[in-house]
Each structure stands twice: as structure tokens, then as C-alpha cells.
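Asker: See final-v2.txt below, with compact mmCIF, C-alpha atoms (C1' of nucleotides).
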# COMPACT_ATOMS: atom_id res chain seq x y z
CA MET A 22 57.21 -12.77 209.00
CA THR A 23 53.96 -14.62 208.63
CA LYS A 24 50.98 -12.47 209.46
CA ASN A 25 48.45 -13.54 212.08
CA CYS A 26 45.64 -13.76 209.56
CA ASN A 27 47.55 -16.63 207.97
CA PHE A 28 47.45 -18.49 211.24
CA ILE A 29 43.75 -17.77 211.50
CA GLU A 30 43.18 -19.28 208.09
CA LYS A 31 45.47 -22.19 208.79
CA LEU A 32 43.60 -23.00 211.98
CA ARG A 33 40.25 -22.72 210.23
CA GLU A 34 41.36 -25.03 207.46
CA VAL A 35 41.82 -27.94 209.81
CA GLY A 36 38.75 -27.14 211.85
CA LEU A 37 40.31 -25.49 214.89
CA ARG A 38 38.74 -22.29 216.10
CA PRO A 39 41.21 -19.44 215.82
CA THR A 40 41.17 -18.28 219.41
CA LYS A 41 43.49 -15.65 220.87
CA GLN A 42 45.51 -18.34 222.63
CA ARG A 43 45.91 -20.58 219.62
CA ILE A 44 47.04 -17.69 217.48
CA LYS A 45 49.52 -16.65 220.15
CA ILE A 46 50.93 -20.17 220.24
CA CYS A 47 51.15 -20.24 216.44
CA GLU A 48 53.14 -17.03 216.55
CA VAL A 49 55.60 -18.38 219.05
CA LEU A 50 55.97 -21.71 217.26
CA TYR A 51 55.86 -20.79 213.61
CA ASN A 52 56.98 -17.18 213.28
CA ARG A 53 60.60 -18.20 212.83
CA GLU A 54 63.10 -19.20 210.23
CA LYS A 55 63.85 -22.73 211.36
CA THR A 56 61.81 -25.49 212.90
CA PHE A 57 62.67 -26.32 216.50
CA HIS A 58 62.07 -28.62 219.45
CA PHE A 59 60.42 -27.75 222.72
CA THR A 60 58.76 -29.12 225.81
CA ILE A 61 55.44 -27.84 227.15
CA ASN A 62 57.42 -26.08 229.83
CA ASP A 63 59.59 -24.29 227.27
CA LEU A 64 56.50 -23.14 225.46
CA VAL A 65 54.83 -21.80 228.57
CA LYS A 66 57.97 -19.84 229.39
CA MET A 67 58.22 -18.45 225.87
CA ILE A 68 54.67 -17.23 225.96
CA SER A 69 54.73 -15.79 229.46
CA GLU A 70 58.20 -14.22 229.15
CA LYS A 71 58.67 -13.08 225.57
CA MET A 72 55.14 -11.95 225.03
CA ASN A 73 53.56 -10.71 228.23
CA GLU A 74 50.26 -12.50 228.10
CA LYS A 75 48.61 -14.76 230.58
CA ILE A 76 47.82 -18.25 229.38
CA SER A 77 46.64 -21.22 231.36
CA LEU A 78 48.87 -24.27 231.52
CA ALA A 79 45.88 -26.43 230.64
CA THR A 80 45.30 -24.39 227.51
CA VAL A 81 48.87 -24.93 226.39
CA TYR A 82 48.47 -28.68 226.84
CA ASN A 83 45.11 -28.71 225.06
CA THR A 84 46.35 -26.59 222.21
CA VAL A 85 49.59 -28.44 221.69
CA HIS A 86 47.71 -31.73 221.61
CA ALA A 87 45.14 -30.28 219.23
CA PHE A 88 47.99 -29.13 216.99
CA GLU A 89 49.61 -32.54 217.18
CA LYS A 90 46.39 -34.27 216.20
CA LYS A 91 46.04 -31.97 213.22
CA GLY A 92 49.62 -32.51 212.11
CA TYR A 93 51.07 -29.13 213.06
CA LEU A 94 53.40 -30.72 215.57
CA LYS A 95 55.13 -34.03 216.06
CA GLU A 96 55.74 -35.59 219.43
CA ILE A 97 59.10 -37.17 220.09
CA SER A 98 59.73 -39.69 222.88
CA ILE A 99 63.20 -39.63 224.26
CA ASP A 100 63.06 -39.14 227.87
CA SER A 101 60.49 -40.93 229.86
CA HIS A 102 58.39 -38.39 231.73
CA LYS A 103 59.09 -35.45 229.47
CA SER A 104 57.37 -34.80 226.16
CA TYR A 105 59.31 -33.14 223.39
CA PHE A 106 57.55 -31.63 220.42
CA ASP A 107 58.93 -30.75 217.02
CA THR A 108 57.60 -28.09 214.67
CA ASN A 109 59.22 -30.04 211.86
CA THR A 110 56.47 -32.52 211.06
CA SER A 111 58.19 -34.22 208.14
CA ALA A 112 59.67 -37.69 208.59
CA HIS A 113 63.17 -37.27 209.98
CA HIS A 114 65.44 -38.64 212.66
CA HIS A 115 67.17 -37.16 215.70
CA PHE A 116 70.34 -36.90 217.67
CA PHE A 117 69.83 -36.55 221.40
CA ASP A 118 72.64 -34.97 223.35
CA GLU A 119 72.64 -36.70 226.70
CA ASP A 120 74.87 -34.04 228.25
CA THR A 121 72.71 -31.06 227.43
CA HIS A 122 69.37 -32.84 226.83
CA GLU A 123 69.26 -31.11 223.48
CA LEU A 124 67.44 -32.62 220.56
CA ILE A 125 69.00 -32.10 217.13
CA ASP A 126 67.53 -32.91 213.72
CA CYS A 127 69.32 -35.40 211.52
CA ASP A 128 69.81 -34.28 207.97
CA GLU A 129 68.03 -36.61 205.63
CA SER A 130 71.38 -37.43 204.04
CA ASP A 131 72.93 -38.47 207.36
CA ILE A 132 71.03 -41.73 207.67
CA ASP A 133 70.08 -44.18 204.95
CA LYS A 134 66.44 -44.98 204.48
CA ILE A 135 65.49 -47.69 206.97
CA ASN A 136 64.17 -50.83 205.41
CA ILE A 137 61.86 -52.93 207.59
CA ARG A 138 61.86 -56.45 206.20
CA LYS A 139 59.18 -57.95 208.40
CA ASN A 140 56.22 -56.47 210.22
CA ILE A 141 53.76 -57.61 212.87
CA THR A 142 50.87 -59.48 211.21
CA GLY A 143 47.71 -57.43 210.78
CA LYS A 144 49.41 -54.18 211.67
CA LYS A 145 50.46 -51.26 209.58
CA ILE A 146 53.60 -49.25 210.17
CA ASN A 147 52.77 -45.77 211.41
CA SER A 148 56.29 -44.46 211.72
CA VAL A 149 59.94 -45.44 211.83
CA GLU A 150 62.02 -43.30 214.14
CA VAL A 151 65.74 -43.43 214.68
CA LEU A 152 67.22 -41.89 217.77
CA VAL A 153 70.99 -41.50 217.99
CA ARG A 154 72.07 -40.84 221.56
CA VAL A 155 75.34 -38.95 221.80
CA ALA A 156 77.48 -37.64 224.65
CA SER A 157 80.90 -36.12 225.26
CA ASP A 158 83.75 -38.43 224.46
CA ASN A 159 85.00 -38.41 228.05
CA GLN A 160 81.53 -39.00 229.53
CA THR A 161 80.63 -42.44 230.84
CA GLN A 162 78.08 -44.17 228.69
CA LYS A 163 74.53 -44.03 229.94
CA MET B 126 66.80 -72.40 236.31
CA THR B 127 69.60 -70.20 237.55
CA LYS B 128 70.31 -70.62 241.24
CA ASN B 129 70.26 -67.65 243.57
CA CYS B 130 73.95 -67.94 244.39
CA ASN B 131 74.60 -67.08 240.76
CA PHE B 132 72.71 -63.84 241.21
CA ILE B 133 74.69 -63.15 244.36
CA GLU B 134 77.92 -63.57 242.46
CA LYS B 135 76.66 -61.58 239.53
CA LEU B 136 75.72 -58.70 241.80
CA ARG B 137 79.05 -58.83 243.59
CA GLU B 138 80.92 -58.77 240.31
CA VAL B 139 79.59 -55.36 239.40
CA GLY B 140 79.85 -54.01 242.92
CA LEU B 141 76.24 -54.20 244.04
CA ARG B 142 75.56 -55.61 247.47
CA PRO B 143 73.51 -58.77 247.15
CA THR B 144 70.61 -57.84 249.35
CA LYS B 145 67.42 -59.87 249.72
CA GLN B 146 65.51 -57.41 247.57
CA ARG B 147 68.03 -57.32 244.75
CA ILE B 148 68.17 -61.10 244.61
CA LYS B 149 64.37 -61.27 244.54
CA ILE B 150 64.29 -58.84 241.63
CA CYS B 151 66.97 -60.84 239.82
CA GLU B 152 64.85 -63.96 240.20
CA VAL B 153 61.79 -62.30 238.76
CA LEU B 154 63.69 -60.72 235.90
CA TYR B 155 66.23 -63.32 234.92
CA ASN B 156 64.86 -66.71 235.97
CA ARG B 157 63.14 -67.21 232.63
CA GLU B 158 63.68 -68.52 229.16
CA LYS B 159 63.24 -65.36 227.15
CA THR B 160 64.10 -61.74 227.76
CA PHE B 161 61.13 -59.44 228.21
CA HIS B 162 59.93 -55.86 228.62
CA PHE B 163 58.35 -54.35 231.69
CA THR B 164 57.47 -51.14 233.45
CA ILE B 165 58.26 -50.45 237.10
CA ASN B 166 54.59 -51.03 237.78
CA ASP B 167 54.66 -54.46 236.13
CA LEU B 168 57.66 -55.41 238.21
CA VAL B 169 56.09 -54.33 241.47
CA LYS B 170 53.02 -56.41 240.64
CA MET B 171 55.12 -59.44 239.73
CA ILE B 172 56.98 -59.30 243.00
CA SER B 173 54.02 -58.65 245.23
CA GLU B 174 51.66 -61.08 243.49
CA LYS B 175 53.74 -64.00 242.24
CA MET B 176 56.07 -64.12 245.17
CA ASN B 177 54.43 -62.99 248.36
CA GLU B 178 57.04 -60.64 249.70
CA LYS B 179 56.83 -57.03 250.70
CA ILE B 180 59.05 -54.64 248.81
CA SER B 181 59.04 -50.88 248.87
CA LEU B 182 58.31 -49.04 245.65
CA ALA B 183 61.36 -46.88 246.24
CA THR B 184 63.52 -49.99 246.44
CA VAL B 185 62.22 -51.21 243.11
CA TYR B 186 63.09 -47.87 241.54
CA ASN B 187 66.51 -47.80 243.17
CA THR B 188 67.31 -51.35 242.21
CA VAL B 189 66.10 -51.09 238.65
CA HIS B 190 68.18 -47.97 238.15
CA ALA B 191 71.18 -49.61 239.78
CA PHE B 192 70.75 -52.56 237.41
CA GLU B 193 70.44 -50.25 234.46
CA LYS B 194 73.61 -48.39 235.39
CA LYS B 195 75.45 -51.68 235.66
CA GLY B 196 74.17 -52.94 232.32
CA TYR B 197 71.69 -55.55 233.55
CA LEU B 198 68.78 -53.66 232.06
CA LYS B 199 68.17 -51.31 229.18
CA GLU B 200 65.71 -48.46 229.33
CA ILE B 201 63.50 -47.84 226.31
CA SER B 202 61.76 -44.55 225.69
CA ILE B 203 58.54 -44.82 223.83
CA ASP B 204 55.88 -43.20 225.74
CA SER B 205 56.52 -40.00 227.49
CA HIS B 206 55.76 -40.47 231.19
CA LYS B 207 56.21 -44.21 231.30
CA SER B 208 59.55 -46.02 231.49
CA TYR B 209 59.94 -49.36 229.81
CA PHE B 210 62.85 -51.62 230.63
CA ASP B 211 64.25 -54.53 228.68
CA THR B 212 66.12 -57.50 230.10
CA ASN B 213 67.66 -57.92 226.67
CA THR B 214 70.61 -55.55 226.93
CA SER B 215 72.11 -56.27 223.53
CA ALA B 216 71.71 -53.72 220.74
CA HIS B 217 68.38 -54.34 219.05
CA HIS B 218 65.35 -52.47 217.83
CA HIS B 219 61.67 -52.50 218.66
CA PHE B 220 58.17 -52.53 217.36
CA PHE B 221 55.67 -50.67 219.52
CA ASP B 222 52.06 -51.67 219.16
CA GLU B 223 50.08 -48.50 219.65
CA ASP B 224 46.83 -50.42 220.13
CA THR B 225 47.98 -52.65 222.95
CA HIS B 226 51.00 -50.63 224.16
CA GLU B 227 53.04 -53.77 223.73
CA LEU B 228 56.74 -53.62 222.99
CA ILE B 229 58.12 -56.30 220.69
CA ASP B 230 61.75 -57.05 219.85
CA CYS B 231 62.87 -56.74 216.27
CA ASP B 232 64.84 -59.67 214.98
CA GLU B 233 68.29 -58.55 214.00
CA SER B 234 67.57 -59.68 210.47
CA ASP B 235 64.43 -57.53 210.20
CA ILE B 236 66.27 -54.23 209.96
CA ASP B 237 69.51 -53.45 208.11
CA LYS B 238 72.38 -52.10 210.13
CA ILE B 239 71.91 -48.34 210.46
CA ASN B 240 74.72 -46.31 209.06
CA ILE B 241 75.19 -42.83 210.56
CA ARG B 242 77.17 -40.77 208.09
CA LYS B 243 77.68 -37.66 210.17
CA ASN B 244 77.82 -37.06 213.89
CA ILE B 245 77.76 -34.08 216.23
CA THR B 246 81.29 -32.68 216.63
CA GLY B 247 83.03 -33.70 219.84
CA LYS B 248 80.42 -36.28 220.71
CA LYS B 249 80.49 -40.03 220.60
CA ILE B 250 77.51 -42.16 219.65
CA ASN B 251 76.18 -44.05 222.65
CA SER B 252 73.37 -45.86 220.91
CA VAL B 253 71.25 -46.00 217.79
CA GLU B 254 67.68 -47.03 218.42
CA VAL B 255 64.98 -47.64 215.88
CA LEU B 256 61.38 -47.63 216.97
CA VAL B 257 58.75 -48.86 214.54
CA ARG B 258 55.30 -47.78 215.63
CA VAL B 259 52.55 -50.06 214.39
CA ALA B 260 48.78 -50.18 214.76
CA SER B 261 45.77 -52.02 213.35
CA ASP B 262 45.15 -51.38 209.69
CA ASN B 263 41.73 -49.87 210.35
CA GLN B 264 43.02 -47.61 213.14
CA THR B 265 43.55 -43.91 212.46
CA GLN B 266 47.20 -42.97 212.42
CA LYS B 267 48.47 -41.34 215.58
C1' DC C 246 81.12 -59.31 266.45
C1' DA C 247 81.68 -54.23 266.10
C1' DA C 248 81.62 -50.50 263.02
C1' DC C 249 80.39 -48.40 258.95
C1' DA C 250 78.93 -47.62 254.48
C1' DG C 251 75.49 -48.74 251.61
C1' DT C 252 70.41 -50.16 251.45
C1' DT C 253 65.62 -50.37 252.47
C1' DT C 254 61.55 -48.40 254.00
C1' DA C 255 57.21 -45.56 254.47
C1' DG C 256 55.68 -41.62 253.51
C1' DA C 257 56.15 -36.88 251.95
C1' DA C 258 57.47 -34.05 248.06
C1' DT C 259 57.95 -33.12 243.31
C1' DT C 260 56.93 -33.04 238.47
C1' DA C 261 54.31 -33.76 234.41
C1' DT C 262 49.96 -34.30 232.89
C1' DT C 263 44.86 -34.73 232.80
C1' DA C 264 40.17 -33.87 234.63
C1' DT C 265 36.61 -30.69 236.28
C1' DA C 266 33.31 -27.32 236.34
C1' DA C 267 32.44 -22.57 235.85
C1' DT C 268 33.08 -18.82 232.81
C1' DG C 269 34.14 -16.91 228.32
C1' DT C 270 34.02 -16.50 223.27
C1' DA C 271 33.86 -17.48 218.03
C1' DG C 272 30.80 -17.95 214.61
C1' DA C 273 26.24 -19.02 213.03
C1' DT C 274 21.35 -17.61 213.32
C1' DT C 275 18.22 -14.53 213.68
C1' DA D 292 23.69 -6.13 216.22
C1' DA D 293 21.59 -9.25 219.79
C1' DT D 294 21.23 -14.04 220.72
C1' DC D 295 22.48 -18.75 220.77
C1' DT D 296 25.35 -22.67 221.13
C1' DA D 297 29.14 -25.50 220.87
C1' DC D 298 33.65 -25.31 221.69
C1' DA D 299 37.67 -23.06 224.51
C1' DT D 300 39.82 -21.25 228.36
C1' DT D 301 40.70 -20.91 233.04
C1' DA D 302 42.03 -21.92 237.88
C1' DT D 303 42.22 -25.45 240.53
C1' DA D 304 41.94 -30.22 241.97
C1' DA D 305 43.21 -34.84 240.89
C1' DT D 306 46.19 -38.35 239.21
C1' DA D 307 50.39 -40.73 237.97
C1' DA D 308 55.15 -41.55 237.79
C1' DT D 309 59.09 -40.71 240.06
C1' DT D 310 62.37 -38.87 243.49
C1' DC D 311 63.55 -37.33 248.11
C1' DT D 312 64.08 -37.85 253.10
C1' DA D 313 65.39 -39.42 257.33
C1' DA D 314 65.26 -43.20 260.27
C1' DA D 315 65.96 -48.10 260.71
C1' DC D 316 68.36 -52.04 258.88
C1' DT D 317 71.98 -55.11 256.92
C1' DG D 318 76.10 -56.82 254.17
C1' DT D 319 80.91 -56.60 254.50
C1' DT D 320 85.40 -55.58 256.30
C1' DG D 321 88.57 -55.91 259.79
For this file, write the structure as C-alpha cells.

Answerer:
Amino acid sequence: MTKNCNFIEKLREVGLRPTKQRIKICEVLYNREKTFHFTINDLVKMISEKMNEKISLATVYNTVHAFEKKGYLKEISIDSHKSYFDTNTSAHHHFFDEDTHELIDCDESDIDKINIRKNITGKKINSVEVLVRVASDNQTQK
Amino acid sequence: MTKNCNFIEKLREVGLRPTKQRIKICEVLYNREKTFHFTINDLVKMISEKMNEKISLATVYNTVHAFEKKGYLKEISIDSHKSYFDTNTSAHHHFFDEDTHELIDCDESDIDKINIRKNITGKKINSVEVLVRVASDNQTQK
DNA sequence: CAACAGTTTAGAATTATTATAATGTAGATT
DNA sequence: AATCTACATTATAATAATTCTAAACTGTTG
């Protein structure tokens, strides 16, 4: 169990003020064994239900985006009009379960390294993301 | 230049009533040399500007989704809270230019076939999409 | 051409997100 | 420790994308 003072230091290191709210969000996001995926809505629920603290929706948005900018979180685009975030910030790919809308990490060994042979002139590659959409066998394909 | 009666037949084939609005949308989307990418907003503009016809926003949404369900269009998720559609419905990958928000098709030869070694139990793979995010060399990475 | 199911429409409702402006607070300065 | 200041938080309003609704309309079938 990481202590709060570690979060305080961590936040300071990247130049974010360790406010009550940011520390609370750190606790919810990073005080756990495994990395996970969430939407802003999930996060708000976690904070307001599990820990009984009031936090403004705007603060959650601000903080999550601040964390993303600083590399604490990665945003994943799957569903138009819903943002998923991942506490696993390393380069990795995803399965998306279209039945349950669940996002599942790909093991590194599950997909070969993607080799891009040609790029757009004058541009650099920021990221290469693979999304494998899956659904029940009996389900009609989306 | 495909004639309208072809669109009528095409729509009938998949069980969509060939209404004025659907035919108009077909014209805008498919009466062209190359496939292309668009947002609902783009499409509404194209219809209302290029051709001077009134069409309800709701109809555009309905029709685009009907087309997608029937395999006339492919939806591409890139940006949370904006839906991109592609008139190229074959399996292919994309570059996304983060400077201009432009979506560019990958040539088939630009990326090796992706090999998924393991899947989620009881699920079938619906699609495998690669998204290569690019930006100007001088730009800070997102 | 009558009947009906599917479609379109304008506008209201919903959902996700961002902006605003007042209030609060962390951390530096005294 | 009191003060200062820039950054954060908050509640709420605004915006944007999308979906819903209920009434009017229109292909299609018989």
C-alpha cells in the first residue's frame, strides 16, 4: 500500500500541486495491485461512493487531464463520445469487448511488434495502437 | 458517375427503403472516385451546401447508422466525442494527423498483417484496427 | 389506391465535456 | 505565523454531439 506522502512527492516531481483532490484521485487510481481502465464517470463514482468525499466533476476532468499530460494516465479512444483512461501508461494494445464494453489489456506477447513501413512526410509517429474488437460468437458483427 | 437507380437497387438489396434522403446521401458519399472520411457534421454541410436540399440532422444520423449497420460505411474511433466514418469498408488501417485532425488511409503494404496469438475465451474477433498517430516533428508529443 | 410499416422531421432531451467566475488553498515571502 | 500570489476547486452555465419523441409523411404491398 503506497503511502500518501509518495503521491505528494510524485505530484511535486512533475510540477503538480499536491492538493487534497489530486491526492485522493491518486489513491483511487494507484493504490492497487494491477493497472486498470476507467471512464471519468467511473472515477467520479469511485470517489463519491468508496471514499465519502465531495469532489466537483470539473475537478475530476481537470485532474485527469493534468495527469494525462504528465504521463500518469493514457487516454484510449474506442467509443466515440466516451473517453477511456488507462493507468497502464506503457505502450500496449487492447481488446475491446463489444458485448460488455470492457477494455482488456493485450499481453505484449499476444501481438507482434507492428512495423510501419511508410510514414506521412514531415510527421513523426507519436503512437501505434492496435484495437482488437471482440464479441460473443453468436453475436452479430458490429 | 453512378446513376441514382443503382443506389435505389443497392438500398433495396440490403432492405433499406430507397427514400429521397437516403439516395441523396448515397450520391454525396459514393458518387466519387476515391473513398473518403467524414464526420456527421461534414456530411450535413456537404448536403446543405453543395446540393441545396433540406435534410434533418436526425435523418443524417439515422441514415448513416443504417448504412453502417448494412456495411456501407465503417465507423472509426479516434477522438472521443467525435465519430468519423469511412466509405472504404474494407479492412485497412489509418494514420491520424494530430495537427490537422485529418484521417489518412494506410496502404495495405505499409503495415504487416497483424497476428493475434491469443484471444479472449468464448469471443470471436470482429476487427483488428491499427491507428498510427502522427504529428509535426517540432510538435510536443500528445 | 388504400393501408401500413418504416421514415423523416423539428425540436426537446440527454450525455459528455469545457468554460466561467467566485472562492479557496499550497507554498513562497516576509 | 501572517501575508501574498498563482494555481486549484467549485457550482453552475454553456457547448457539442447525439438520441429521443411524437406527429406528419411516404414507399411498398396487396

Asker: What residues in chain A have any atom no more than 12 Å from chain C when counting all atoms listed in the file, and can you write them as a list in words?

Answerer: Ile29, Arg33, Leu37, Arg38, Pro39, Thr40, Lys41, Gln42, Thr60, Ile61, Asn62, Leu78, Ala79, Thr80, Val81, Tyr82, Asn83, His86, Ser101, His102, Lys103 and Ser104 of chain A

Asker: For atom CA of Lys135 of chain B and atom CA of Asn213 of chain B, determine how far apart the two atoms are, in Å to one decimal place.

Answerer: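 Pair atom CA of Lys135 of chain B / atom CA of Asn213 of chain B returns 16.1 Å.
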
Asker: At a cut-off of 10 Å, list the chain D residues touching chain A, using all atoms listed in the file, as a PyMOL selection string.

Answerer: chain D and resi 298-302+308-309

Asker: Considering all atoms listed in the file, state which residue in the set B:Thr225, B:Thr246, B:Ser173, B:Asn251 is at the smallest distance from chain A.

Answerer: B:Asn251

Asker: With 8 Å as the cut-off and only C-alpha atoms counted, what is the closest atom pair between each nearby residue of chain B and chain A? Distances in Å to one decimal, ordered by chain and number, as CSV.

Answerer:
residue,atom,partner,partner_atom,distance
B:Lys194,CA,A:Lys163,CA,7.0
B:Ser202,CA,A:Ile99,CA,5.3
B:Ile203,CA,A:Ser98,CA,5.4
B:Asp204,CA,A:Ser98,CA,5.9
B:Ser205,CA,A:Ser101,CA,4.7
B:His206,CA,A:His102,CA,3.4
B:Lys207,CA,A:Ser101,CA,5.6
B:Ser208,CA,A:Ser101,CA,5.4
B:Ser234,CA,A:Arg138,CA,7.8
B:Asp235,CA,A:Arg138,CA,4.9
B:Ile236,CA,A:Ile137,CA,5.2
B:Asp237,CA,A:Asn136,CA,6.5
B:Ile239,CA,A:Asp133,CA,7.1
B:Asn240,CA,A:Ile132,CA,6.0
B:Ile241,CA,A:Ile132,CA,5.2
B:Arg242,CA,A:Asp131,CA,4.9
B:Lys243,CA,A:Asp131,CA,5.6
B:Ile245,CA,A:Val155,CA,7.8
B:Gly247,CA,A:Ser157,CA,6.3
B:Lys248,CA,A:Ser157,CA,4.6
B:Lys249,CA,A:Asp158,CA,5.3
B:Ile250,CA,A:Val155,CA,4.4
B:Asn251,CA,A:Val155,CA,5.2
B:Ser252,CA,A:Arg154,CA,5.2
B:Val253,CA,A:Val153,CA,4.5
B:Glu254,CA,A:Leu152,CA,5.2
B:Val255,CA,A:Val151,CA,4.4
B:Leu256,CA,A:Glu150,CA,5.2
B:Val257,CA,A:Val149,CA,4.5
B:Arg258,CA,A:Ser148,CA,5.2
B:Val259,CA,A:Ile146,CA,4.4
B:Ala260,CA,A:Lys144,CA,5.1
B:Ser261,CA,A:Lys144,CA,4.6
B:Asp262,CA,A:Lys145,CA,5.3
B:Gln266,CA,A:Asn147,CA,6.3
B:Lys267,CA,A:Lys90,CA,7.4

Asker: Which distance in Å separates atom CA of Lys179 of chain B and atom CA of Cys151 of chain B, to one decimal?

Answerer: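 Separation of atom CA of Lys179 of chain B and atom CA of Cys151 of chain B: 15.4 Å.
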
Asker: To one decimal place, how far is atom CA of Lys55 of chain A from atom CA of Asp126 of chain A in Å?

Answerer: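 Separation between atom CA of Lys55 of chain A and atom CA of Asp126 of chain A: 11.1 Å.
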